[in-house]
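One file, run_13.tsv, carrying TSV, C-alpha atoms:
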chain	number	residue	atom	x	y	z
H	1	MET	CA	-18.72	-0.79	75.37
H	2	ASN	CA	-19.56	0.54	71.91
H	3	LYS	CA	-19.98	4.33	71.76
H	4	ASN	CA	-23.26	4.01	69.87
H	5	VAL	CA	-24.66	1.71	72.56
H	6	LEU	CA	-23.60	4.14	75.29
H	7	HIS	CA	-25.17	7.01	73.38
H	8	LYS	CA	-28.47	5.11	73.08
H	9	ILE	CA	-28.43	4.20	76.79
H	10	LYS	CA	-27.97	7.87	77.71
H	11	LYS	CA	-31.08	8.74	75.70
H	12	VAL	CA	-33.33	6.23	77.54
H	13	PRO	CA	-34.21	8.59	80.45
H	14	LEU	CA	-35.18	11.33	77.99
H	15	HIS	CA	-37.45	8.94	76.11
H	16	LEU	CA	-39.04	7.75	79.35
H	17	LEU	CA	-39.61	11.36	80.44
H	18	PHE	CA	-41.23	12.18	77.10
H	19	TRP	CA	-43.62	9.21	77.23
H	20	VAL	CA	-44.59	9.94	80.81
H	21	GLY	CA	-45.46	13.43	79.61
H	22	VAL	CA	-47.51	11.94	76.75
H	23	TRP	CA	-49.39	9.73	79.21
H	24	PHE	CA	-50.24	12.72	81.41
H	25	PHE	CA	-51.38	14.60	78.31
H	26	PHE	CA	-53.77	11.79	77.38
H	27	PHE	CA	-54.95	11.42	81.00
H	28	THR	CA	-55.62	15.13	81.40
H	29	PHE	CA	-57.23	15.58	78.00
H	30	PHE	CA	-59.61	12.60	78.15
H	31	SER	CA	-60.51	13.25	81.82
H	32	VAL	CA	-62.67	16.16	80.68
H	33	GLY	CA	-66.29	15.25	81.43
H	34	SER	CA	-65.43	11.96	83.16
H	35	ALA	CA	-65.37	10.96	86.81
H	36	ASN	CA	-64.21	7.41	86.12
H	37	LYS	CA	-60.48	7.84	86.72
H	38	SER	CA	-59.84	4.11	86.58
H	39	PHE	CA	-61.12	3.95	82.98
H	40	ILE	CA	-59.16	7.08	81.99
H	41	PHE	CA	-56.01	5.54	83.49
H	42	TRP	CA	-56.25	2.40	81.37
H	43	PHE	CA	-57.47	4.33	78.33
H	44	SER	CA	-54.46	6.71	78.51
H	45	THR	CA	-52.06	3.78	79.06
H	46	ILE	CA	-53.32	1.93	76.00
H	47	LEU	CA	-53.20	5.08	73.82
H	48	SER	CA	-49.64	5.73	75.05
H	49	ALA	CA	-48.66	2.18	74.11
H	50	VAL	CA	-50.18	2.60	70.65
H	51	SER	CA	-48.33	5.91	70.23
H	52	ILE	CA	-45.04	4.30	71.29
H	53	VAL	CA	-45.40	1.39	68.85
H	54	ALA	CA	-46.45	3.64	65.96
H	55	SER	CA	-43.81	6.30	66.70
H	56	TYR	CA	-40.89	3.92	66.92
H	57	SER	CA	-42.10	2.04	63.85
H	58	PHE	CA	-41.94	5.28	61.90
H	59	MET	CA	-38.69	6.51	63.51
H	60	TYR	CA	-36.60	3.36	63.18
H	61	GLN	CA	-38.05	1.54	60.18
H	62	ILE	CA	-40.64	3.25	58.00
H	63	ILE	CA	-38.84	6.62	57.71
H	64	PRO	CA	-35.20	5.34	57.46
H	65	ASP	CA	-35.98	2.34	55.23
H	66	TYR	CA	-38.55	3.86	52.90
H	67	LEU	CA	-38.96	7.65	53.12
H	68	ILE	CA	-35.24	8.50	53.32
H	69	GLN	CA	-34.43	5.84	50.73
H	70	LYS	CA	-37.06	7.48	48.46
H	71	LYS	CA	-39.19	4.32	48.31
H	72	TYR	CA	-42.33	6.40	48.43
H	73	SER	CA	-44.80	3.70	47.41
H	74	LYS	CA	-43.68	1.41	50.23
H	75	PHE	CA	-43.60	4.35	52.64
H	76	ALA	CA	-47.23	5.12	51.79
H	77	LEU	CA	-48.20	1.43	52.09
H	78	TYR	CA	-46.63	0.96	55.53
H	79	SER	CA	-48.04	4.29	56.70
H	80	ILE	CA	-51.51	2.98	55.82
H	81	TYR	CA	-50.73	-0.23	57.72
H	82	ALA	CA	-49.70	1.82	60.77
H	83	PHE	CA	-52.89	3.89	60.53
H	84	LEU	CA	-55.10	0.79	60.27
H	85	PHE	CA	-53.31	-0.85	63.21
H	86	SER	CA	-53.74	2.26	65.36
H	87	MET	CA	-57.38	2.64	64.38
H	88	SER	CA	-58.06	-1.02	65.21
H	89	VAL	CA	-56.49	-0.71	68.67
H	90	VAL	CA	-58.37	2.53	69.32
H	91	LEU	CA	-61.70	0.91	68.39
H	92	MET	CA	-60.93	-2.12	70.58
H	93	THR	CA	-60.08	0.21	73.47
H	94	MET	CA	-63.39	2.01	73.05
H	95	VAL	CA	-65.22	-1.34	73.03
H	96	PHE	CA	-63.22	-2.44	76.10
H	97	GLY	CA	-64.30	0.66	78.03
H	98	PHE	CA	-67.85	0.43	76.76
H	99	VAL	CA	-68.18	-3.21	77.94
H	100	PHE	CA	-66.16	-3.39	81.17
H	101	PHE	CA	-66.30	0.15	82.61
H	102	TYR	CA	-69.67	1.49	81.48
H	103	ASN	CA	-71.70	-1.73	81.37
H	104	LEU	CA	-72.84	-1.23	77.78
H	105	ASP	CA	-74.26	2.20	78.62
H	106	TYR	CA	-73.00	4.28	75.69
H	107	GLN	CA	-74.54	7.53	76.92
H	108	THR	CA	-72.52	7.56	80.14
H	109	MET	CA	-69.17	7.31	78.34
H	110	PRO	CA	-67.19	10.59	78.18
H	111	SER	CA	-67.75	12.26	74.81
H	112	LEU	CA	-64.01	12.49	74.01
H	113	THR	CA	-63.37	8.77	74.61
H	114	LYS	CA	-66.11	7.68	72.20
H	115	ASN	CA	-64.99	9.90	69.29
H	116	PRO	CA	-62.54	7.87	67.10
H	117	SER	CA	-61.50	10.92	65.06
H	118	VAL	CA	-60.38	12.87	68.15
H	119	ILE	CA	-58.54	9.85	69.56
H	120	LEU	CA	-56.69	9.14	66.30
H	121	VAL	CA	-55.75	12.82	65.91
H	122	CYS	CA	-54.22	12.77	69.41
H	123	VAL	CA	-52.29	9.56	68.71
H	124	PHE	CA	-50.98	10.66	65.35
H	125	PHE	CA	-50.14	14.09	66.70
H	126	ILE	CA	-47.62	12.35	68.96
H	127	VAL	CA	-46.44	10.16	66.09
H	128	ALA	CA	-45.99	13.28	63.93
H	129	ILE	CA	-43.88	14.94	66.63
H	130	MET	CA	-41.57	11.93	66.90
H	131	SER	CA	-41.37	11.49	63.12
H	132	SER	CA	-40.56	15.19	62.64
H	133	TYR	CA	-37.81	14.87	65.24
H	134	LYS	CA	-36.36	11.90	63.32
H	135	ILE	CA	-36.47	13.75	59.98
H	136	VAL	CA	-34.93	16.93	61.41
H	137	LYS	CA	-32.22	14.88	63.13
H	138	TYR	CA	-31.49	13.05	59.87
H	139	ASN	CA	-31.27	16.33	57.93
H	140	LEU	CA	-28.91	17.84	60.50
H	141	LYS	CA	-26.74	14.72	60.40
H	142	THR	CA	-26.74	14.85	56.60
H	143	ILE	CA	-25.64	18.50	56.67
H	144	ASP	CA	-22.94	17.68	59.23
H	145	ASP	CA	-21.72	14.67	57.21
H	146	LYS	CA	-21.66	16.81	54.08
H	147	ARG	CA	-19.63	19.46	55.90
H	148	VAL	CA	-17.16	16.83	57.14
H	149	LEU	CA	-16.88	15.38	53.63
H	150	GLU	CA	-16.33	18.83	52.13
H	151	ASN	CA	-13.61	19.52	54.72
H	152	LYS	CA	-11.93	16.21	53.86
H	153	ILE	CA	-12.11	17.02	50.16
H	154	LEU	CA	-10.69	20.51	50.75
H	155	LYS	CA	-7.93	19.06	52.91
H	156	THR	CA	-7.09	16.49	50.22
H	157	GLU	CA	-7.12	19.17	47.51
H	158	LEU	CA	-4.84	21.34	49.65
H	159	GLN	CA	-2.42	18.46	50.16
H	160	LEU	CA	-2.42	17.72	46.42
H	161	LYS	CA	-1.92	21.40	45.72
H	162	GLU	CA	1.04	21.56	48.10
H	163	GLN	CA	2.55	18.42	46.55
H	164	GLU	CA	2.12	19.81	43.04
H	165	LEU	CA	3.64	23.13	44.08
H	166	ARG	CA	6.56	21.28	45.66
H	167	PHE	CA	7.00	19.30	42.44
H	168	LEU	CA	6.99	22.48	40.37
H	169	LYS	CA	9.61	24.00	42.65
H	170	MET	CA	11.76	20.90	42.27
H	171	GLN	CA	11.58	21.26	38.49
H	172	ILE	CA	13.04	24.75	38.73
H	173	HIS	CA	16.37	23.37	39.96
H	174	PRO	CA	17.36	21.23	36.97
H	175	HIS	CA	15.82	23.66	34.47
H	176	PHE	CA	17.74	26.65	35.77
H	177	LEU	CA	20.92	24.64	36.28
H	178	PHE	CA	20.75	23.14	32.78
H	179	ASN	CA	20.56	26.55	31.09
H	180	THR	CA	23.31	28.09	33.20
H	181	LEU	CA	25.68	25.14	32.88
H	182	ASN	CA	25.29	25.31	29.10
H	183	THR	CA	26.53	28.88	29.29
H	184	ILE	CA	29.53	27.94	31.44
H	185	TYR	CA	30.27	24.98	29.18
H	186	GLY	CA	30.50	27.31	26.22
H	187	PHE	CA	32.96	29.52	28.08
H	188	ALA	CA	35.01	26.52	29.16
H	189	LEU	CA	35.34	25.38	25.54
H	190	LYS	CA	36.64	28.84	24.66
H	191	LYS	CA	38.91	28.74	27.72
H	192	SER	CA	37.57	32.12	28.69
H	193	GLU	CA	39.09	33.96	31.63
H	194	HIS	CA	35.55	34.63	32.87
H	195	THR	CA	34.77	30.94	33.44
H	196	SER	CA	35.83	30.96	37.10
H	197	GLU	CA	33.87	34.17	37.73
H	198	MET	CA	30.77	32.61	36.18
H	199	ILE	CA	31.14	29.48	38.34
H	200	LEU	CA	31.34	31.69	41.46
H	201	LYS	CA	28.21	33.62	40.49
H	202	LEU	CA	26.44	30.35	39.71
H	203	SER	CA	27.36	28.95	43.12
H	204	ASN	CA	25.84	32.04	44.78
H	205	LEU	CA	22.65	31.55	42.77
H	206	LEU	CA	22.51	27.86	43.59
H	207	ASP	CA	23.01	28.63	47.26
H	208	TYR	CA	19.99	30.93	47.09
H	209	ILE	CA	17.91	28.36	45.20
H	210	LEU	CA	18.74	25.40	47.42
H	211	TYR	CA	18.08	27.20	50.69
H	212	GLN	CA	15.21	29.49	49.71
H	213	ILE	CA	13.17	27.48	47.21
H	214	GLU	CA	11.50	25.46	49.99
H	215	GLU	CA	10.22	28.64	51.62
H	216	PRO	CA	6.71	29.72	50.53
H	217	PHE	CA	7.79	33.38	50.39
H	218	VAL	CA	11.13	35.20	50.35
H	219	SER	CA	12.18	38.81	50.50
H	220	LEU	CA	11.66	40.66	47.22
H	221	ASN	CA	14.99	42.42	47.74
H	222	ASP	CA	16.73	39.02	47.83
H	223	GLU	CA	14.99	38.07	44.60
H	224	ILE	CA	16.13	41.33	42.99
H	225	LYS	CA	19.69	40.70	44.16
H	226	HIS	CA	19.79	37.28	42.54
H	227	ILE	CA	18.17	38.53	39.36
H	228	ASN	CA	21.08	40.96	39.16
H	229	ASN	CA	23.50	38.07	39.71
H	230	TYR	CA	21.90	36.16	36.87
H	231	ILE	CA	22.08	39.21	34.60
H	232	SER	CA	25.77	39.46	35.45
H	233	LEU	CA	26.24	35.89	34.28
H	234	GLU	CA	24.55	36.68	30.98
H	235	LYS	CA	26.59	39.85	30.52
H	236	LEU	CA	29.73	37.75	30.76
H	237	ARG	CA	28.33	35.40	28.14
H	238	PHE	CA	27.09	38.02	25.67
H	239	GLN	CA	29.86	40.58	26.26
H	240	ASP	CA	29.11	43.53	23.95
H	241	GLY	CA	26.14	41.74	22.41
H	242	LEU	CA	23.84	42.51	25.32
H	243	ASP	CA	21.98	45.65	26.37
H	244	VAL	CA	20.14	45.19	29.67
H	245	ASP	CA	18.17	47.79	31.57
H	246	PHE	CA	16.85	46.57	34.93
H	247	VAL	CA	15.04	49.09	37.12
H	248	ALA	CA	13.34	48.37	40.45
H	249	GLU	CA	11.70	51.39	42.08
H	250	GLY	CA	9.39	52.15	44.96
H	251	ILE	CA	10.02	48.77	46.54
H	252	ASN	CA	9.44	48.50	50.29
H	253	ASP	CA	11.81	46.34	52.30
H	254	ASP	CA	9.04	44.20	53.83
H	255	ILE	CA	7.55	42.90	50.56
H	256	GLU	CA	7.69	39.15	50.01
H	257	ILE	CA	7.10	37.00	46.93
H	258	PRO	CA	7.30	33.27	46.11
H	259	PRO	CA	10.95	32.33	45.42
H	260	MET	CA	12.13	32.51	41.81
H	261	LEU	CA	8.88	34.08	40.64
H	262	PHE	CA	10.44	36.58	38.21
H	263	LEU	CA	13.73	34.83	37.41
H	264	PRO	CA	12.21	32.32	34.91
H	265	PHE	CA	10.89	35.26	32.84
H	266	VAL	CA	14.34	36.87	32.86
H	267	GLU	CA	15.97	33.55	32.00
H	268	ASN	CA	13.50	33.08	29.16
H	269	ALA	CA	14.46	36.46	27.68
H	270	PHE	CA	18.11	35.42	27.39
H	271	LYS	CA	17.41	31.90	26.24
H	272	HIS	CA	14.84	32.69	23.55
H	273	GLY	CA	15.70	36.32	22.84
H	274	HIS	CA	17.19	37.24	19.49
H	275	GLN	CA	19.95	39.68	18.73
H	276	ILE	CA	19.06	42.51	16.40
H	277	ASN	CA	22.08	44.20	14.85
H	278	ASN	CA	24.21	41.83	16.98
H	279	VAL	CA	22.65	43.14	20.21
H	280	LEU	CA	20.09	41.46	22.46
H	281	LYS	CA	18.03	44.13	24.16
H	282	VAL	CA	16.28	43.37	27.45
H	283	LYS	CA	14.34	45.89	29.53
H	284	ILE	CA	13.04	44.92	32.96
H	285	HIS	CA	10.96	47.18	35.14
H	286	LEU	CA	9.71	46.33	38.62
H	287	GLU	CA	7.62	48.70	40.72
H	288	GLN	CA	5.12	48.86	43.52
H	289	VAL	CA	1.80	50.45	42.59
H	290	GLU	CA	-0.53	50.83	45.57
H	291	HIS	CA	-1.34	47.25	46.64
H	292	SER	CA	0.13	45.54	43.58
H	293	LEU	CA	3.59	44.59	42.38
H	294	ILE	CA	4.08	45.17	38.64
H	295	PHE	CA	6.77	43.29	36.71
H	296	LYS	CA	7.36	44.26	33.07
H	297	MET	CA	9.91	42.82	30.69
H	298	ILE	CA	10.58	43.39	26.99
H	299	ASN	CA	13.26	41.69	24.93
H	300	SER	CA	14.19	41.74	21.26
H	301	THR	CA	13.28	38.58	19.41
H	302	ASN	CA	12.08	37.21	16.15
H	303	PHE	CA	8.88	35.29	15.59
H	304	LYS	CA	10.56	31.90	15.17
H	305	SER	CA	12.53	32.10	18.38
H	306	GLN	CA	9.33	32.40	20.48
H	307	THR	CA	7.22	29.67	18.88
H	308	LYS	CA	7.84	27.23	21.71
H	309	GLU	CA	7.24	27.91	25.37
H	310	GLY	CA	9.85	26.50	27.76
H	311	ILE	CA	8.99	24.46	30.85
H	312	GLY	CA	10.09	27.41	33.01
H	313	LEU	CA	7.17	29.56	31.85
H	314	VAL	CA	4.75	26.64	32.01
H	315	ASN	CA	5.76	26.02	35.62
H	316	ILE	CA	5.56	29.68	36.59
H	317	LYS	CA	2.02	29.95	35.23
H	318	LYS	CA	0.95	26.93	37.25
H	319	ARG	CA	2.60	28.33	40.36
H	320	LEU	CA	0.83	31.66	39.91
H	321	GLU	CA	-2.54	29.94	39.60
H	322	MET	CA	-1.93	27.81	42.67
H	323	ILE	CA	-0.59	30.61	44.87
H	324	TYR	CA	-2.66	33.61	43.78
H	325	ASN	CA	-5.74	31.95	42.25
H	326	ASP	CA	-7.55	34.72	40.36
H	327	THR	CA	-5.78	37.65	42.00
H	328	PHE	CA	-2.90	37.88	39.52
H	329	ASP	CA	-2.81	39.20	35.97
H	330	LEU	CA	-0.31	37.84	33.44
H	331	ASN	CA	-0.07	39.11	29.86
H	332	ILE	CA	2.48	37.72	27.40
H	333	ASN	CA	2.69	39.18	23.91
H	334	SER	CA	4.90	38.08	21.05
H	335	ASN	CA	5.47	40.37	18.07
H	336	PRO	CA	7.81	39.85	15.12
H	337	ASP	CA	10.56	41.90	16.84
H	338	LEU	CA	9.56	42.10	20.51
H	339	TYR	CA	8.52	39.73	23.26
H	340	SER	CA	6.85	41.28	26.30
H	341	VAL	CA	5.68	40.09	29.70
H	342	GLU	CA	3.59	42.01	32.20
H	343	LEU	CA	2.73	40.45	35.53
H	344	SER	CA	0.69	42.00	38.33
H	345	ILE	CA	0.41	40.29	41.73
H	346	PRO	CA	-1.03	41.43	45.06
H	347	ILE	CA	1.56	42.62	47.55
H	348	LYS	CA	2.32	40.40	50.53
H	349	LYS	CA	4.24	41.97	53.37
H	350	HIS	CA	6.37	40.25	55.96
H	351	GLU	CA	4.34	39.52	59.10

Could I get this file's structure written as structure tokens?
Amino acid sequence: MNKNVLHKIKKVPLHLLFWVGVWFFFFTFFSVGSANKSFIFWFSTILSAVSIVASYSFMYQIIPDYLIQKKYSKFALYSIYAFLFSMSVVLMTMVFGFVFFYNLDYQTMPSLTKNPSVILVCVFFIVAIMSSYKIVKYNLKTIDDKRVLENKILKTELQLKEQELRFLKMQIHPHFLFNTLNTIYGFALKKSEHTSEMILKLSNLLDYILYQIEEPFVSLNDEIKHINNYISLEKLRFQDGLDVDFVAEGINDDIEIPPMLFLPFVENAFKHGHQINNVLKVKIHLEQVEHSLIFKMINSTNFKSQTKEGIGLVNIKKRLEMIYNDTFDLNINSNPDLYSVELSIPIKKHE
């Protein structure tokens, strides 16, 4: 059986209990000043029937079809119809009691049962209770549906974010490999004795990239180790034309960062840096300051060599935004002779 049908069936006893309570309310209220219990019984039964018809008309048609749909003119029109119908039945009930129970003796009728205003207020008080219940229930369902929709949207955004981050990580592989293989290719053309050493260092770097890049966070010490390996590769390429100063201080062993977070900046310095007096100068400083990790890098350059930003830096900026949102601070400055990067990220420790 349909779940909605089962749910409605389960609510039937509650509805019956409510309307029995309404009947007793009418019976008790209109019994004041009357000894004719038989008349009060039928009077209360008819008023209960009117209340049921009017209440369910509002709950299941007038409110859902017109008020909730913001068809206010039709809502007002059908509300007037419901009022006129209720008033007509109430008047007929009064006439019925007046004729059949009190033998056309108006004075002997209980005062409450011959006052149309009081009777209509009682009926529409019940209708108002049921209508308010319907509106509150609808609002709660709307809030719940909105919350479910927001959760679905957030889940979808998270999945898209993870897919984009995975795509950015995948781009790091060919980008890094392309630049490094170009270096080795140059050495191979020169038949340099350092070619085999460079291939070994590259294999160590690739081993790190292939096995660690899929991890969301890796040890900062491992990242530092492979930055040093990359610098060693570049030292072999530049020989005496390179002056590198890499300092990492105050680093705790339990700090973790996203894999290859700093390496693209270092790679960029060697790729786009410019030798001044036949020497490329690169200074890299990494330190822990309270709850932040500060990465600073300066390399010699000229204005023309830094006019275009490589895909490595584009990717790293996107990764920073996706991982750290607004909690990171990245400043890149390009002067005629110097190119500088300063990155601050919150510290994440191994759990």

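With all atoms listed in the file as the atoms that count, the residue of H:Phe58, H:Phe41, H:Phe270, H:Phe125 with the shortest distance to H:Thr28 is H:Phe41.
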
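Across the model, the gap from atom CA of H:Cys122 to atom CA of H:Ser73 is 25.6 Å.
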
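Shortest atom-to-atom contact with H:Glu256 among H:Ile231, H:Leu286, H:Val218, H:Val244: H:Val218, counting all atoms listed in the file.
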
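The space separating atom CA of H:Ser232 from atom CA of H:Met260 comes to 16.6 Å.
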
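With distances restricted to only C-alpha atoms, H:Ile68 is the closest residue to H:Thr142 from H:Ile63, H:Ile68, H:Ala35, H:Leu233.
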
Open item on the list: Here is a test: counting only C-alpha atoms, which residue of H:Leu16, H:Leu112, H:Lys191, H:Leu200 is nearest to H:Val32?
Closed with: H:Leu112

Open item on the list: So that I can see what lies close to H:Ser300, please list as number ranges by chain the residues with an atom at most 8 Å from it, counting all atoms listed in the file and leaving out residues fewer than 3 positions away in the same chain.
Closed with: H: 273-276, 280-282, 337-339

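What separates atom CA of H:Phe26 from atom CA of H:Val121 is a distance of 11.7 Å.
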
Task: Expected residue set, 10 Å radius at (0.0, 48.4, 40.8), all atoms listed in the file, as a PyMOL selection string - done: chain H and resi 287-295+343-347

- [ ] Determine the nearest neighbour of H:Thr113 from the options H:Lys225, H:Tyr78, H:Phe96, H:Asp65, counting all atoms listed in the file.
- [x] H:Phe96

Take every atom of stretch 257-260 of chain H listed in the file, fit an axis-aligned box around them, add 4 Å per side, and give the centre and edge lengths in Å to one decimal as lines of an AutoDock Vina configuration file.
center_x = 9.6
center_y = 34.7
center_z = 44.4
size_x = 13.0
size_y = 12.7
size_z = 13.1

Task: Top pick for closest residue to H:Ile52, considering H:Asn36, H:Thr301, H:Asn252, H:Ser86 and counting all atoms listed in the file - done: H:Ser86
